[in-house]
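Novice: I have a structure I would like to understand better, so I am pasting it below and will then ask my questions one at a time.
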Amino acid sequence: MTIEDVRERLKAAKRPIALTGAGVSAESGVPTFRGSEGLWRNFSPQDLATPEAFERDPQLVWEWYDWRRSLIAKISPNPAHYALAELERRSPEFTLITQNVDGLHRAAGSSRVMEIHGSIWTVRCTECGNSSENRDVPINILPRCSCGGLLRPGVVWFGEPLPEEMLYKAFEAASSTDLMLVIGTSGVVQPAASLAVRAKDGGALVVEINPEATPLSEVADVSFKGKAGEIAPLLVG
Ligand code: BJW
Ligand code: ZN
C-alpha cells in the first residue's frame, strides 16, 4: 500500500483516529524515552517516571521535570503536529489520542486531544488531590499546594492507572474507527499500545509511521519507515 493509497483511504474514512507517542515530537527537539537520547544525567526515564522514585527523591524527580518543562517551553510543534491538526479540521469525527505530555498537539491547533498520560503543564497535590495548570519555568522545586501538601507532576507514572473515563473513551474510539494512524510510539507501554490492537480487531486499517520496526509493526497493515514530520503531511495533504 502506497502513501497515495493511504491518503485516499484517509479522505474516505468516517472516523479516523491517531495514536501518537514521543517520536511525533522528536523533530521538535523533545527527547524520546527509549534509546540513547532518553538519558538525563545518566538516569533513564524508566527509573524516574515512577511513584517510588518520587517518594524516594521528590527533589530529583522534580529537577527532571523542570528540565523537561524548560526544554519544551522553548520549542514549537513540527509538521506532523500540524498535519494532525489539519486532519481534525477536515474530519469532524477525528480523535487524537496521545501518550505525550508535552502539549504540542494543542499548541499546533488540535482541540480534541486525549492526553492519556496527563500533561507536564499540570500539577496535582499529593495530599488533597487537587489538580491545576502550572506553566512556571523554572518551577519552584518541591512546589506546595495551598493546603500545604507537596505537588507532583500531573502525569501518569508506571504502575499508576490512566484516567479512567478518558481511557474508556479512547478504547471506544479505537473500537469504532475505520482508520488508525500510529505515529512515533515504540508500542511497548500498556494499555496505550493495546489501542492499536483493538482498532485492528475492530476491522480498521492500521497505518504506522516510525523509522524503526516496533511490536505494532506486526499489527499494522502498512508501516511507513520514516519520520513523522515528513510522512504525516504527505498522508493528510
Ligand atoms: C520517531 C521519530 C520520528 C523517533 N518520527 N517516529 C501489560 C503487559 C506488560 C506490562 C504492563 C501491562 N499493563 C500494564 C503494564 C505496566 C506498564 C507497562 O506498560 N510496562 C511496559 C513498559 C512493560 N504500564 C503501566 O504501568 C501503566 N499503568 C497501568 O497499566 O496501570 C494499571 C493499573 C490499574 C489500576 C490500578 C493501578 C494500576 C502506566 C503507564 C504510564 C507511562 N508513563 C510514561 C511517563 C509519562 C510521564 C512523563 O512523560 O514523564 O509515559 S513512560 C513513557 O512511555 C511515557 C510515554 O508516553 C510512554 C510511551 O513511550 P513512547 O511515546 O512510545 O516513546 P518511546 O521513546 O518509547 O518511543 C519513541 C518512538 O518514536 C520509537 O519507536 C522511535 O523509533 C520513534 N521515533 N523519532 C516518528 N522523527
Ligand atoms: Zn492540596
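So you can find residues: chains in the C-alpha cells are A, B, ... in the order shown, residues in each start at 1, and ligands are numbered from 1 in order.
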DSSP on the backbone: which residues in range 22-83 of chain A end up as helix (DSSP H, G or I)? Give the answer as number ranges by chain.
Specialist: A: 23-26, 36-38, 45-48, 51-56, 58-73, 79-83
Novice: Fewer than 2 positions away in the same chain doesn't count, so skip those; otherwise give me all residues within 12 Å of range 55-65 of chain A, counting only C-alpha atoms, as a PDB file with N, CA and C atoms, in the first residue's frame.
Specialist:
ATOM      1  N   GLY A  38      17.341   9.315  25.417  1.00  0.00           N
ATOM      2  CA  GLY A  38      16.400   9.372  26.534  1.00  0.00           C
ATOM      3  C   GLY A  38      17.074   9.648  27.866  1.00  0.00           C
ATOM      4  N   LEU A  39      18.404   9.643  27.873  1.00  0.00           N
ATOM      5  CA  LEU A  39      19.100   9.784  29.155  1.00  0.00           C
ATOM      6  C   LEU A  39      19.214  11.229  29.617  1.00  0.00           C
ATOM      7  N   TRP A  40      19.061  11.430  30.916  1.00  0.00           N
ATOM      8  CA  TRP A  40      19.240  12.755  31.536  1.00  0.00           C
ATOM      9  C   TRP A  40      20.115  12.513  32.759  1.00  0.00           C
ATOM     10  N   ARG A  41      21.286  13.117  32.795  1.00  0.00           N
ATOM     11  CA  ARG A  41      22.233  12.923  33.896  1.00  0.00           C
ATOM     12  C   ARG A  41      22.406  11.442  34.247  1.00  0.00           C
ATOM     13  N   ASN A  42      22.467  10.608  33.227  1.00  0.00           N
ATOM     14  CA  ASN A  42      22.646   9.163  33.414  1.00  0.00           C
ATOM     15  C   ASN A  42      21.474   8.444  34.074  1.00  0.00           C
ATOM     16  N   PHE A  43      20.338   9.110  34.194  1.00  0.00           N
ATOM     17  CA  PHE A  43      19.140   8.423  34.700  1.00  0.00           C
ATOM     18  C   PHE A  43      18.271   8.077  33.507  1.00  0.00           C
ATOM     19  N   SER A  44      17.704   6.871  33.495  1.00  0.00           N
ATOM     20  CA  SER A  44      16.794   6.565  32.404  1.00  0.00           C
ATOM     21  C   SER A  44      15.381   6.915  32.864  1.00  0.00           C
ATOM     22  N   PRO A  45      14.528   7.346  31.918  1.00  0.00           N
ATOM     23  CA  PRO A  45      13.163   7.726  32.288  1.00  0.00           C
ATOM     24  C   PRO A  45      12.444   6.622  33.067  1.00  0.00           C
ATOM     25  N   GLN A  46      12.747   5.374  32.739  1.00  0.00           N
ATOM     26  CA  GLN A  46      12.076   4.265  33.442  1.00  0.00           C
ATOM     27  C   GLN A  46      12.347   4.312  34.946  1.00  0.00           C
ATOM     28  N   ASP A  47      13.511   4.906  35.332  1.00  0.00           N
ATOM     29  CA  ASP A  47      13.836   4.972  36.759  1.00  0.00           C
ATOM     30  C   ASP A  47      13.204   6.179  37.440  1.00  0.00           C
ATOM     31  N   LEU A  48      12.824   7.173  36.637  1.00  0.00           N
ATOM     32  CA  LEU A  48      12.325   8.421  37.230  1.00  0.00           C
ATOM     33  C   LEU A  48      10.807   8.555  37.151  1.00  0.00           C
ATOM     34  N   ALA A  49      10.205   7.928  36.137  1.00  0.00           N
ATOM     35  CA  ALA A  49       8.756   8.077  35.946  1.00  0.00           C
ATOM     36  C   ALA A  49       7.999   7.020  36.745  1.00  0.00           C
ATOM     37  N   THR A  50       8.253   6.993  38.054  1.00  0.00           N
ATOM     38  CA  THR A  50       7.546   6.029  38.908  1.00  0.00           C
ATOM     39  C   THR A  50       7.170   6.711  40.224  1.00  0.00           C
ATOM     40  N   PRO A  51       6.090   6.259  40.843  1.00  0.00           N
ATOM     41  CA  PRO A  51       5.719   6.818  42.155  1.00  0.00           C
ATOM     42  C   PRO A  51       6.790   6.523  43.203  1.00  0.00           C
ATOM     43  N   GLU A  52       7.485   5.400  43.047  1.00  0.00           N
ATOM     44  CA  GLU A  52       8.530   5.040  44.020  1.00  0.00           C
ATOM     45  C   GLU A  52       9.688   6.039  43.952  1.00  0.00           C
ATOM     46  N   ALA A  53      10.070   6.426  42.722  1.00  0.00           N
ATOM     47  CA  ALA A  53      11.165   7.401  42.574  1.00  0.00           C
ATOM     48  C   ALA A  53      10.776   8.713  43.235  1.00  0.00           C
ATOM     49  N   TRP A  67      13.595  20.376  34.102  1.00  0.00           N
ATOM     50  CA  TRP A  67      14.485  20.385  32.923  1.00  0.00           C
ATOM     51  C   TRP A  67      13.667  20.170  31.648  1.00  0.00           C
ATOM     52  N   ARG A  68      12.742  19.213  31.705  1.00  0.00           N
ATOM     53  CA  ARG A  68      11.931  18.921  30.518  1.00  0.00           C
ATOM     54  C   ARG A  68      10.976  20.074  30.202  1.00  0.00           C
ATOM     55  N   ARG A  69      10.379  20.663  31.245  1.00  0.00           N
ATOM     56  CA  ARG A  69       9.471  21.794  31.038  1.00  0.00           C
ATOM     57  C   ARG A  69      10.215  22.962  30.385  1.00  0.00           C
ATOM     58  N   SER A  70      11.443  23.227  30.853  1.00  0.00           N
ATOM     59  CA  SER A  70      12.222  24.335  30.286  1.00  0.00           C
ATOM     60  C   SER A  70      12.514  24.078  28.814  1.00  0.00           C
ATOM     61  N   LEU A  71      12.840  22.831  28.517  1.00  0.00           N
ATOM     62  CA  LEU A  71      13.152  22.465  27.133  1.00  0.00           C
ATOM     63  C   LEU A  71      11.912  22.600  26.231  1.00  0.00           C
ATOM     64  N   ILE A  72      10.794  22.077  26.696  1.00  0.00           N
ATOM     65  CA  ILE A  72       9.569  22.077  25.879  1.00  0.00           C
ATOM     66  C   ILE A  72       9.040  23.503  25.697  1.00  0.00           C
ATOM     67  N   ALA A  73       9.209  24.327  26.738  1.00  0.00           N
ATOM     68  CA  ALA A  73       8.688  25.707  26.656  1.00  0.00           C
ATOM     69  C   ALA A  73       9.324  26.477  25.502  1.00  0.00           C
ATOM     70  N   VAL A 101       3.019  14.166  26.945  1.00  0.00           N
ATOM     71  CA  VAL A 101       2.595  15.101  27.995  1.00  0.00           C
ATOM     72  C   VAL A 101       3.027  16.530  27.652  1.00  0.00           C
ATOM     73  N   ASP A 102       3.625  16.719  26.450  1.00  0.00           N
ATOM     74  CA  ASP A 102       4.277  17.999  26.150  1.00  0.00           C
ATOM     75  C   ASP A 102       3.339  19.119  25.707  1.00  0.00           C
ATOM     76  N   SER A 119      -0.442  15.664  31.552  1.00  0.00           N
ATOM     77  CA  SER A 119       0.214  16.830  30.965  1.00  0.00           C
ATOM     78  C   SER A 119       1.318  17.313  31.888  1.00  0.00           C
ATOM     79  N   ILE A 120       2.446  17.654  31.278  1.00  0.00           N
ATOM     80  CA  ILE A 120       3.581  18.157  32.064  1.00  0.00           C
ATOM     81  C   ILE A 120       3.290  19.568  32.570  1.00  0.00           C
ATOM     82  N   TRP A 121       2.224  20.184  32.049  1.00  0.00           N
ATOM     83  CA  TRP A 121       1.853  21.558  32.438  1.00  0.00           C
ATOM     84  C   TRP A 121       0.782  21.575  33.518  1.00  0.00           C
ATOM     85  N   THR A 122       0.509  20.407  34.116  1.00  0.00           N
ATOM     86  CA  THR A 122      -0.388  20.394  35.276  1.00  0.00           C
ATOM     87  C   THR A 122       0.357  19.825  36.475  1.00  0.00           C
ATOM     88  N   VAL A 123      -0.118  20.215  37.651  1.00  0.00           N
ATOM     89  CA  VAL A 123       0.430  19.682  38.902  1.00  0.00           C
ATOM     90  C   VAL A 123      -0.744  19.156  39.721  1.00  0.00           C
ATOM     91  N   THR A 126      -0.386  15.892  46.356  1.00  0.00           N
ATOM     92  CA  THR A 126      -0.285  14.521  46.874  1.00  0.00           C
ATOM     93  C   THR A 126      -1.133  14.348  48.143  1.00  0.00           C
ATOM     94  N   ARG A 135       2.423  26.721  34.550  1.00  0.00           N
ATOM     95  CA  ARG A 135       3.350  26.893  33.418  1.00  0.00           C
ATOM     96  C   ARG A 135       4.632  27.594  33.834  1.00  0.00           C
ATOM     97  N   ASP A 136       4.907  27.606  35.151  1.00  0.00           N
ATOM     98  CA  ASP A 136       6.126  28.273  35.623  1.00  0.00           C
ATOM     99  C   ASP A 136       7.374  27.584  35.065  1.00  0.00           C
ATOM    100  N   VAL A 137       8.243  28.375  34.482  1.00  0.00           N
ATOM    101  CA  VAL A 137       9.533  27.863  34.007  1.00  0.00           C
ATOM    102  C   VAL A 137      10.602  28.861  34.417  1.00  0.00           C
ATOM    103  N   PRO A 138      11.490  28.530  35.313  1.00  0.00           N
ATOM    104  CA  PRO A 138      11.522  27.259  36.040  1.00  0.00           C
ATOM    105  C   PRO A 138      10.434  27.214  37.106  1.00  0.00           C
ATOM    106  N   ILE A 139      10.121  26.008  37.547  1.00  0.00           N
ATOM    107  CA  ILE A 139       9.143  25.846  38.624  1.00  0.00           C
ATOM    108  C   ILE A 139       9.930  25.801  39.936  1.00  0.00           C
ATOM    109  N   ASN A 140       9.335  26.292  41.019  1.00  0.00           N
ATOM    110  CA  ASN A 140       9.977  26.139  42.324  1.00  0.00           C
ATOM    111  C   ASN A 140      10.084  24.658  42.617  1.00  0.00           C
ATOM    112  N   ILE A 141      11.288  24.163  42.786  1.00  0.00           N
ATOM    113  CA  ILE A 141      11.424  22.725  43.058  1.00  0.00           C
ATOM    114  C   ILE A 141      10.758  22.442  44.411  1.00  0.00           C
ATOM    115  N   LEU A 142      10.056  21.316  44.482  1.00  0.00           N
ATOM    116  CA  LEU A 142       9.220  20.950  45.621  1.00  0.00           C
ATOM    117  C   LEU A 142       8.095  21.972  45.842  1.00  0.00           C
ATOM    118  N   PRO A 143       7.289  22.184  44.782  1.00  0.00           N
ATOM    119  CA  PRO A 143       6.182  23.133  44.890  1.00  0.00           C
ATOM    120  C   PRO A 143       5.122  22.634  45.869  1.00  0.00           C
ATOM    121  N   LEU A 150       2.576  18.493  49.228  1.00  0.00           N
ATOM    122  CA  LEU A 150       3.569  18.519  48.143  1.00  0.00           C
ATOM    123  C   LEU A 150       2.850  18.298  46.808  1.00  0.00           C
ATOM    124  N   LEU A 151       3.173  19.137  45.828  1.00  0.00           N
ATOM    125  CA  LEU A 151       2.608  18.947  44.483  1.00  0.00           C
ATOM    126  C   LEU A 151       3.496  17.996  43.692  1.00  0.00           C
ATOM    127  N   ARG A 152       2.875  17.219  42.820  1.00  0.00           N
ATOM    128  CA  ARG A 152       3.604  16.321  41.915  1.00  0.00           C
ATOM    129  C   ARG A 152       3.207  16.654  40.476  1.00  0.00           C
ATOM    130  N   PRO A 153       4.016  16.219  39.504  1.00  0.00           N
ATOM    131  CA  PRO A 153       3.620  16.442  38.103  1.00  0.00           C
ATOM    132  C   PRO A 153       2.297  15.718  37.802  1.00  0.00           C
ATOM    133  N   GLY A 154       1.463  16.348  36.982  1.00  0.00           N
ATOM    134  CA  GLY A 154       0.150  15.773  36.656  1.00  0.00           C
ATOM    135  C   GLY A 154       0.220  14.780  35.515  1.00  0.00           C
ATOM    136  N   VAL A 155       1.076  13.797  35.688  1.00  0.00           N
ATOM    137  CA  VAL A 155       1.299  12.794  34.639  1.00  0.00           C
ATOM    138  C   VAL A 155       1.063  11.401  35.223  1.00  0.00           C
ATOM    139  N   TRP A 157       2.497   7.812  35.934  1.00  0.00           N
ATOM    140  CA  TRP A 157       3.744   7.058  36.054  1.00  0.00           C
ATOM    141  C   TRP A 157       3.478   5.550  35.964  1.00  0.00           C
TER     142      TRP A 157
END
Novice: Excluding same-chain residues fewer than 5 positions from Asp178 in chain A, what lies within 9 Å of it counting only C-alpha atoms, as a list in words?
Specialist: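 Skipping anything fewer than 5 positions along the chain leaves Ala13, Lys14, Arg15, Pro16, Ile17, Ala199, Lys200, Gly202, Gly203, Ala204, Leu205 and Val206 of chain A.
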Novice: Write out as number ranges by chain each polymer residue (protein, DNA or RNA) that has an atom no more than 6 Å from ligand 2, with only C-alpha atoms and all ligand atoms counted.
Specialist: A: 125, 127-128, 130, 145-147, 149
Novice: Take the residues from that selection and write them out as a JSON list (two decimals), in the first residue's frame, keeping N, CA and C atoms.
Specialist:
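Output file result08.json is given in full below:
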[["chain", "number", "residue", "atom", "x", "y", "z"],
["A", 125, "CYS", "N", -1.90, 17.76, 43.78],
["A", 125, "CYS", "CA", -1.50, 17.71, 45.19],
["A", 125, "CYS", "C", -1.48, 16.26, 45.69],
["A", 127, "GLU", "N", -1.64, 15.47, 48.71],
["A", 127, "GLU", "CA", -2.47, 15.37, 49.92],
["A", 127, "GLU", "C", -3.96, 15.46, 49.57],
["A", 128, "CYS", "N", -4.35, 16.59, 48.94],
["A", 128, "CYS", "CA", -5.80, 16.80, 48.72],
["A", 128, "CYS", "C", -6.24, 16.38, 47.32],
["A", 130, "ASN", "N", -6.02, 17.90, 44.53],
["A", 130, "ASN", "CA", -6.40, 19.00, 43.63],
["A", 130, "ASN", "C", -5.40, 19.13, 42.47],
["A", 145, "CYS", "N", 1.05, 22.95, 47.48],
["A", 145, "CYS", "CA", -0.37, 23.28, 47.28],
["A", 145, "CYS", "C", -0.79, 24.29, 48.36],
["A", 146, "SER", "N", -1.92, 24.97, 48.13],
["A", 146, "SER", "CA", -2.40, 25.90, 49.15],
["A", 146, "SER", "C", -2.75, 25.17, 50.45],
["A", 147, "CYS", "N", -3.01, 23.86, 50.37],
["A", 147, "CYS", "CA", -3.30, 23.08, 51.58],
["A", 147, "CYS", "C", -2.02, 22.68, 52.31],
["A", 149, "GLY", "N", 0.23, 20.59, 51.06],
["A", 149, "GLY", "CA", 0.72, 19.30, 50.54],
["A", 149, "GLY", "C", 1.74, 19.49, 49.41]]
Novice: Which chains and residue numbers are within 7 Å of ligand 1, counting only C-alpha atoms and all ligand atoms, if I want them as a ChimeraX atom specification?
Specialist: /A:20-24,26-27,32-35,46,49,99-101,117,155-162,183-191,209-212,214,226-229
Novice: Would you mind reading off the distance between CA of Tyr82 in chain A and CA of Ala213 in chain A, one decimal, in Å?
Specialist: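 Atom-to-atom, CA of Tyr82 in chain A to CA of Ala213 in chain A, that is 24.2 Å.
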Novice: Between A:Thr95, A:Leu234, A:Ala83, A:Ala196, which is the closest to Leu216 in chain A once you count only C-alpha atoms?
Specialist: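 Comparing A:Thr95, A:Leu234, A:Ala83, A:Ala196 against Leu216 in chain A, the winner is A:Ala196.
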Novice: Measuring atom to atom with only C-alpha atoms, identify which of A:Glu230, A:Glu164, A:Asp66, A:Glu8 is nearest to Leu179 in chain A.
Specialist: A:Glu8
Novice: Find the residue from A:Leu167, A:Val182, A:Leu235, A:Leu84 that sits nearest to Pro215 in chain A; use only C-alpha atoms when measuring.
Specialist: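 The answer is A:Val182, which sits nearest to Pro215 in chain A.
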Novice: Got a sec: who's within 12 Å of Glu88 in chain A, counting only C-alpha atoms, leaving out chain neighbours fewer than 2 positions off, as a CSV table (one decimal) with all heavy atoms, in the first residue's frame?
Specialist:
chain,number,residue,atom,x,y,z
A,10,LEU,N,-7.7,7.7,3.9
A,10,LEU,CA,-7.9,8.7,5.0
A,10,LEU,C,-9.0,9.7,4.6
A,10,LEU,O,-9.8,10.1,5.4
A,10,LEU,CB,-6.5,9.4,5.2
A,10,LEU,CG,-6.4,10.2,6.5
A,10,LEU,CD1,-6.8,9.4,7.7
A,10,LEU,CD2,-4.9,10.7,6.6
A,11,LYS,N,-9.0,10.1,3.3
A,11,LYS,CA,-10.0,11.0,2.8
A,11,LYS,C,-11.4,10.4,3.0
A,11,LYS,O,-12.4,11.1,3.3
A,11,LYS,CB,-9.8,11.4,1.4
A,11,LYS,CG,-8.9,12.6,1.2
A,11,LYS,CD,-9.0,13.1,-0.3
A,11,LYS,CE,-7.9,14.1,-0.5
A,11,LYS,NZ,-7.1,13.9,-1.7
A,15,ARG,N,-14.4,7.7,10.5
A,15,ARG,CA,-14.0,8.0,11.9
A,15,ARG,C,-12.5,7.7,12.1
A,15,ARG,O,-12.1,6.8,12.9
A,15,ARG,CB,-14.7,7.1,12.9
A,15,ARG,CG,-16.1,7.5,13.1
A,15,ARG,CD,-16.8,6.6,14.0
A,15,ARG,NE,-18.1,7.0,14.3
A,15,ARG,CZ,-19.0,6.3,15.1
A,15,ARG,NH1,-18.6,5.1,15.6
A,15,ARG,NH2,-20.2,6.7,15.3
A,16,PRO,N,-11.6,8.5,11.4
A,16,PRO,CA,-10.2,8.3,11.6
A,16,PRO,C,-9.7,8.7,13.0
A,16,PRO,O,-10.3,9.6,13.6
A,16,PRO,CB,-9.6,9.2,10.6
A,16,PRO,CG,-10.6,10.3,10.3
A,16,PRO,CD,-11.9,9.7,10.6
A,17,ILE,N,-8.7,8.0,13.5
A,17,ILE,CA,-8.1,8.4,14.8
A,17,ILE,C,-6.6,8.2,14.7
A,17,ILE,O,-6.1,7.6,13.7
A,17,ILE,CB,-8.6,7.5,16.0
A,17,ILE,CG1,-8.2,6.1,15.9
A,17,ILE,CG2,-10.1,7.6,16.1
A,17,ILE,CD1,-8.5,5.3,17.2
A,18,ALA,N,-5.9,8.8,15.6
A,18,ALA,CA,-4.4,8.7,15.6
A,18,ALA,C,-4.0,8.4,17.1
A,18,ALA,O,-4.6,8.9,18.0
A,18,ALA,CB,-3.8,10.0,15.1
A,81,HIS,N,2.6,17.5,13.9
A,81,HIS,CA,1.6,18.0,14.8
A,81,HIS,C,0.6,18.8,13.9
A,81,HIS,O,-0.6,18.7,14.1
A,81,HIS,CB,2.2,19.0,15.8
A,81,HIS,CG,3.1,18.3,16.8
A,81,HIS,ND1,4.5,18.5,16.7
A,81,HIS,CD2,2.9,17.5,17.8
A,81,HIS,CE1,5.0,17.8,17.7
A,81,HIS,NE2,4.1,17.2,18.4
A,82,TYR,N,1.1,19.6,13.0
A,82,TYR,CA,0.2,20.5,12.2
A,82,TYR,C,-0.7,19.6,11.2
A,82,TYR,O,-1.8,20.0,11.0
A,82,TYR,CB,1.0,21.5,11.4
A,82,TYR,CG,1.6,22.6,12.3
A,82,TYR,CD1,3.0,22.8,12.4
A,82,TYR,CD2,0.7,23.4,13.0
A,82,TYR,CE1,3.5,23.8,13.3
A,82,TYR,CE2,1.2,24.4,13.9
A,82,TYR,CZ,2.6,24.6,14.0
A,82,TYR,OH,3.1,25.5,14.8
A,83,ALA,N,-0.1,18.5,10.7
A,83,ALA,CA,-0.9,17.7,9.8
A,83,ALA,C,-2.1,17.1,10.6
A,83,ALA,O,-3.2,17.0,10.1
A,83,ALA,CB,0.0,16.6,9.3
A,84,LEU,N,-1.8,16.7,11.9
A,84,LEU,CA,-2.9,16.1,12.7
A,84,LEU,C,-4.0,17.2,13.0
A,84,LEU,O,-5.2,16.9,13.1
A,84,LEU,CB,-2.3,15.4,13.9
A,84,LEU,CG,-1.5,14.2,13.5
A,84,LEU,CD1,-0.7,13.7,14.7
A,84,LEU,CD2,-2.4,13.0,13.0
A,85,ALA,N,-3.5,18.4,13.2
A,85,ALA,CA,-4.5,19.5,13.5
A,85,ALA,C,-5.3,19.7,12.3
A,85,ALA,O,-6.5,19.9,12.3
A,85,ALA,CB,-3.7,20.7,13.9
A,86,GLU,N,-4.7,19.6,11.1
A,86,GLU,CA,-5.4,19.8,9.8
A,86,GLU,C,-6.5,18.7,9.7
A,86,GLU,O,-7.6,18.9,9.2
A,86,GLU,CB,-4.4,19.8,8.7
A,86,GLU,CG,-5.0,19.8,7.3
A,86,GLU,CD,-5.9,21.0,7.0
A,86,GLU,OE1,-5.7,22.0,7.6
A,86,GLU,OE2,-6.8,20.8,6.1
A,90,ARG,N,-10.6,18.8,9.1
A,90,ARG,CA,-11.2,18.2,7.9
A,90,ARG,C,-12.2,17.1,8.3
A,90,ARG,O,-13.2,16.9,7.6
A,90,ARG,CB,-10.0,17.6,7.1
A,90,ARG,CG,-10.3,17.5,5.7
A,90,ARG,CD,-9.0,17.0,5.0
A,90,ARG,NE,-8.8,15.6,5.1
A,90,ARG,CZ,-7.7,14.9,4.7
A,90,ARG,NH1,-6.7,15.6,4.2
A,90,ARG,NH2,-7.7,13.6,4.8
A,91,SER,N,-11.9,16.4,9.4
A,91,SER,CA,-12.8,15.2,9.7
A,91,SER,C,-13.4,15.5,11.1
A,91,SER,O,-12.8,15.4,12.1
A,91,SER,CB,-12.0,13.9,9.8
A,91,SER,OG,-11.3,13.7,8.7
A,92,PRO,N,-14.7,15.8,11.1
A,92,PRO,CA,-15.4,16.2,12.3
A,92,PRO,C,-15.3,15.1,13.4
A,92,PRO,O,-15.4,15.4,14.6
A,92,PRO,CB,-16.8,16.4,11.9
A,92,PRO,CG,-16.9,16.2,10.5
A,92,PRO,CD,-15.6,15.9,9.9
A,93,GLU,N,-15.1,13.8,13.0
A,93,GLU,CA,-15.1,12.7,13.9
A,93,GLU,C,-13.7,12.3,14.4
A,93,GLU,O,-13.5,11.4,15.1
A,93,GLU,CB,-15.8,11.5,13.3
A,93,GLU,CG,-17.2,11.7,12.8
A,93,GLU,CD,-18.2,11.2,13.9
A,93,GLU,OE1,-17.8,10.7,14.9
A,93,GLU,OE2,-19.4,11.3,13.6
A,94,PHE,N,-12.7,13.1,13.9
A,94,PHE,CA,-11.3,12.7,14.2
A,94,PHE,C,-11.0,12.8,15.7
A,94,PHE,O,-11.4,13.8,16.3
A,94,PHE,CB,-10.4,13.6,13.4
A,94,PHE,CG,-8.9,13.3,13.7
A,94,PHE,CD1,-8.4,12.1,13.3
A,94,PHE,CD2,-8.1,14.2,14.4
A,94,PHE,CE1,-7.0,11.8,13.5
A,94,PHE,CE2,-6.8,13.9,14.7
A,94,PHE,CZ,-6.2,12.7,14.2
A,95,THR,N,-10.4,11.8,16.2
A,95,THR,CA,-10.0,11.7,17.6
A,95,THR,C,-8.5,11.5,17.7
A,95,THR,O,-7.9,10.6,17.0
A,95,THR,CB,-10.7,10.6,18.4
A,95,THR,OG1,-12.1,10.8,18.3
A,95,THR,CG2,-10.3,10.5,19.8
A,96,LEU,N,-7.8,12.3,18.5
A,96,LEU,CA,-6.4,12.2,18.6
A,96,LEU,C,-6.1,11.7,20.0
A,96,LEU,O,-6.4,12.4,21.0
A,96,LEU,CB,-5.7,13.6,18.4
A,96,LEU,CG,-4.2,13.8,18.6
A,96,LEU,CD1,-3.4,12.7,17.9
A,96,LEU,CD2,-3.8,15.1,18.0
A,105,HIS,N,0.5,19.0,20.6
A,105,HIS,CA,-0.7,18.9,19.7
A,105,HIS,C,-1.6,20.0,19.9
A,105,HIS,O,-2.1,20.6,18.9
A,105,HIS,CB,-1.4,17.6,20.0
A,105,HIS,CG,-0.7,16.3,19.5
A,105,HIS,ND1,-0.4,16.1,18.2
A,105,HIS,CD2,-0.3,15.2,20.1
A,105,HIS,CE1,0.2,15.0,18.0
A,105,HIS,NE2,0.3,14.4,19.2
A,106,ARG,N,-1.9,20.4,21.1
A,106,ARG,CA,-2.8,21.6,21.3
A,106,ARG,C,-2.1,22.9,20.8
A,106,ARG,O,-2.8,23.7,20.2
A,106,ARG,CB,-3.1,21.8,22.8
A,106,ARG,CG,-4.0,20.7,23.4
A,106,ARG,CD,-4.4,20.9,24.8
A,106,ARG,NE,-4.9,19.7,25.4
A,106,ARG,CZ,-6.1,19.3,25.2
A,106,ARG,NH1,-7.0,20.0,24.5
A,106,ARG,NH2,-6.5,18.2,25.8
A,108,ALA,N,-0.3,23.1,18.3
A,108,ALA,CA,-0.4,23.1,16.9
A,108,ALA,C,-1.9,23.4,16.4
A,108,ALA,O,-2.1,23.5,15.2
A,108,ALA,CB,0.0,21.8,16.3
A,109,GLY,N,-2.8,23.4,17.3
A,109,GLY,CA,-4.2,23.7,17.0
A,109,GLY,C,-5.2,22.6,17.1
A,109,GLY,O,-6.4,22.7,16.8
A,110,SER,N,-4.7,21.4,17.5
A,110,SER,CA,-5.7,20.3,17.8
A,110,SER,C,-6.4,20.6,19.1
A,110,SER,O,-5.8,21.1,20.1
A,110,SER,CB,-4.9,19.0,18.0
A,110,SER,OG,-4.4,18.5,16.8
A,111,SER,N,-7.7,20.4,19.0
A,111,SER,CA,-8.5,20.7,20.2
A,111,SER,C,-9.1,19.4,20.8
A,111,SER,O,-9.3,19.3,22.0
A,111,SER,CB,-9.6,21.7,20.0
A,111,SER,OG,-10.5,21.2,19.0
A,112,ARG,N,-9.4,18.4,20.0
A,112,ARG,CA,-9.9,17.2,20.5
A,112,ARG,C,-8.8,16.2,20.8
A,112,ARG,O,-8.5,15.3,20.0
A,112,ARG,CB,-11.0,16.6,19.6
A,112,ARG,CG,-12.3,17.3,19.6
A,112,ARG,CD,-13.4,16.5,18.9
A,112,ARG,NE,-13.1,16.2,17.5
A,112,ARG,CZ,-13.1,17.0,16.5
A,112,ARG,NH1,-13.5,18.2,16.6
A,112,ARG,NH2,-12.8,16.6,15.3
A,113,VAL,N,-8.1,16.4,21.9
A,113,VAL,CA,-6.9,15.6,22.2
A,113,VAL,C,-7.1,14.9,23.5
A,113,VAL,O,-7.5,15.5,24.5
A,113,VAL,CB,-5.7,16.5,22.4
A,113,VAL,CG1,-4.4,15.7,22.6
A,113,VAL,CG2,-5.5,17.5,21.2
A,236,VAL,N,-1.9,13.4,4.9
A,236,VAL,CA,-3.0,14.3,5.1
A,236,VAL,C,-3.2,15.3,4.0
A,236,VAL,O,-4.3,15.7,3.7
A,236,VAL,CB,-2.8,15.1,6.5
A,236,VAL,CG1,-3.9,16.1,6.7
A,236,VAL,CG2,-2.8,14.1,7.6
